[in-house]
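Note sheet for the following structure.
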Amino acid sequence: MRRQPPAPSFAGAPSAACAAMSERLSKPTCLIVASAAAAGVSADSFLHSFTLASAAFNLQVATPGGKPIDFVDVNEANMRWIQDFRMKSYANPAKLESTDGARYHALLIPDCPGAMTDLANSGYLARILQHFSCENMCLFRAHLCYWTWSCCLMLCYK
């Protein structure tokens with residue numbers, strides 16, 4: 001029996017890497033906007049938001065000033081995930097000030113207790129929200145998990 005030649009790959013990259021790259025290129029992008037204030041983001045809300053959204057979107061996190069996220073309500077159930085997340089390259093947020101909302105297909109804002117400190121009066125976030133509003137995007141306010149009272153705001157194309 002003849003062996004089949006290996007599937008073509010991008011520039012000699014392994015097939016698994018090609019599949020991952022192809023998937024990443026085919027998925028729409030979602031911007032996650034989080035607070036950079038002290039005690040700014042609910043760990044459970046972010047964990048569930050990120051996990052659910054990553055199944056359908058390529059994700060980019062942005063915070064005011066590109067500052068790291070300070071999670072609140074970290075417990076034994078979510079601590080490991082938060083630690084793993086912080087080790088990934090996408091855990092380094094982009095600066096909200098230099099984020100162009102037109103590059104994204106969806107916007108996700110997890111439960112952020114610190115939002116009143118830095119997001120509530122952010123003209124940059126207002127500009128991004130205005131873009132999503134002008135593009136006739138649908139608005140979801142989703143209760144992500146019934147076992148916590150975390151909620152988030154998600155905007156996406158209709």
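Scheme for the structure tokens: letters A, B, ... for chains in order shown; per-chain residue numbers from 1; ligand numbers from 1 in order shown.
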
At most 8 Å is the cut-off: for each residue in stretch 65-110 of chain A with any atom that close to an atom of stretch 33-48 of chain A, write down the nearest atom pair and the distance in Å rounded to one decimal, counting only C-alpha atoms, chain first then increasing number, as a Markdown table.
| residue | atom | partner | partner_atom | distance |
| --- | --- | --- | --- | --- |
| A:Gly65 | CA | A:Ala36 | CA | 7.9 |
| A:Gly66 | CA | A:Ala36 | CA | 7.8 |
| A:Lys67 | CA | A:Ala36 | CA | 5.7 |
| A:Pro68 | CA | A:Ala36 | CA | 6.2 |
| A:Ile69 | CA | A:Ala36 | CA | 5.3 |
| A:Asp70 | CA | A:Ala39 | CA | 5.4 |
| A:Phe71 | CA | A:Val41 | CA | 4.8 |
| A:Val72 | CA | A:Ser42 | CA | 5.1 |
| A:Asp73 | CA | A:Ala43 | CA | 6.0 |
| A:Val74 | CA | A:Ala43 | CA | 5.7 |
| A:Asn78 | CA | A:Asp44 | CA | 6.8 |
| A:Trp81 | CA | A:Leu47 | CA | 7.5 |
| A:Ile82 | CA | A:Ala43 | CA | 7.5 |
| A:Leu96 | CA | A:Val33 | CA | 7.6 |
| A:Leu107 | CA | A:Val33 | CA | 7.4 |
| A:Leu108 | CA | A:Val33 | CA | 6.3 |
| A:Ile109 | CA | A:Val33 | CA | 5.1 |
| A:Pro110 | CA | A:Phe46 | CA | 5.6 |

Near-stretch 51-58 of chain A list (8 Å; only C-alpha atoms; drop same-chain fewer than 3 positions) as an NGL selection string: :A and (24 or 27-30 or 47-48)

Print the selection's residues with N, CA and C atoms to a file, as a PDB file, in the first residue's frame.
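The new file result.pdb reads:
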ATOM      1  N   ARG A  24      -7.096  30.428  12.970  1.00  0.00           N
ATOM      2  CA  ARG A  24      -6.963  31.781  13.489  1.00  0.00           C
ATOM      3  C   ARG A  24      -7.317  32.804  12.412  1.00  0.00           C
ATOM      4  N   LYS A  27     -11.280  32.878  11.790  1.00  0.00           N
ATOM      5  CA  LYS A  27     -12.164  33.352  12.850  1.00  0.00           C
ATOM      6  C   LYS A  27     -12.264  34.878  12.833  1.00  0.00           C
ATOM      7  N   PRO A  28     -13.440  35.426  13.157  1.00  0.00           N
ATOM      8  CA  PRO A  28     -13.554  36.870  13.327  1.00  0.00           C
ATOM      9  C   PRO A  28     -12.826  37.293  14.612  1.00  0.00           C
ATOM     10  N   THR A  29     -12.596  38.570  14.760  1.00  0.00           N
ATOM     11  CA  THR A  29     -11.869  39.058  15.926  1.00  0.00           C
ATOM     12  C   THR A  29     -12.803  39.743  16.913  1.00  0.00           C
ATOM     13  N   CYS A  30     -12.477  39.584  18.179  1.00  0.00           N
ATOM     14  CA  CYS A  30     -13.259  40.175  19.260  1.00  0.00           C
ATOM     15  C   CYS A  30     -12.320  40.960  20.167  1.00  0.00           C
ATOM     16  N   LEU A  47     -12.885  35.000  33.183  1.00  0.00           N
ATOM     17  CA  LEU A  47     -12.586  33.611  32.832  1.00  0.00           C
ATOM     18  C   LEU A  47     -13.662  33.042  31.915  1.00  0.00           C
ATOM     19  N   HIS A  48     -14.914  33.182  32.306  1.00  0.00           N
ATOM     20  CA  HIS A  48     -16.012  32.621  31.514  1.00  0.00           C
ATOM     21  C   HIS A  48     -16.186  33.363  30.189  1.00  0.00           C
TER      22      HIS A  48
END

Members of stretch 31-123 of chain A assigned helix (DSSP H, G or I) by DSSP, as a ChimeraX atom specification: /A:43-54,64-66,76-86,89-91,96-98,101-103,115-118,123

Atom-to-atom span, atom CA of A:Arg86 and atom CA of A:Ile128, Å: 25.3 Å

Straight-line distance linking atom CA of A:Gln60 with atom CA of A:Thr99, stated in Å to one decimal: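 Between atom CA of A:Gln60 and atom CA of A:Thr99 the gap works out to 10.0 Å.
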
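Here atom CA of A:Leu125 is placed at a distance of 27.1 Å from atom CA of A:Gln83.
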
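Using only C-alpha atoms for every distance, the candidate list A:Ala120, A:Ala62, A:Leu129, A:Met79 yields A:Ala62 as the residue closest to A:Glu97.
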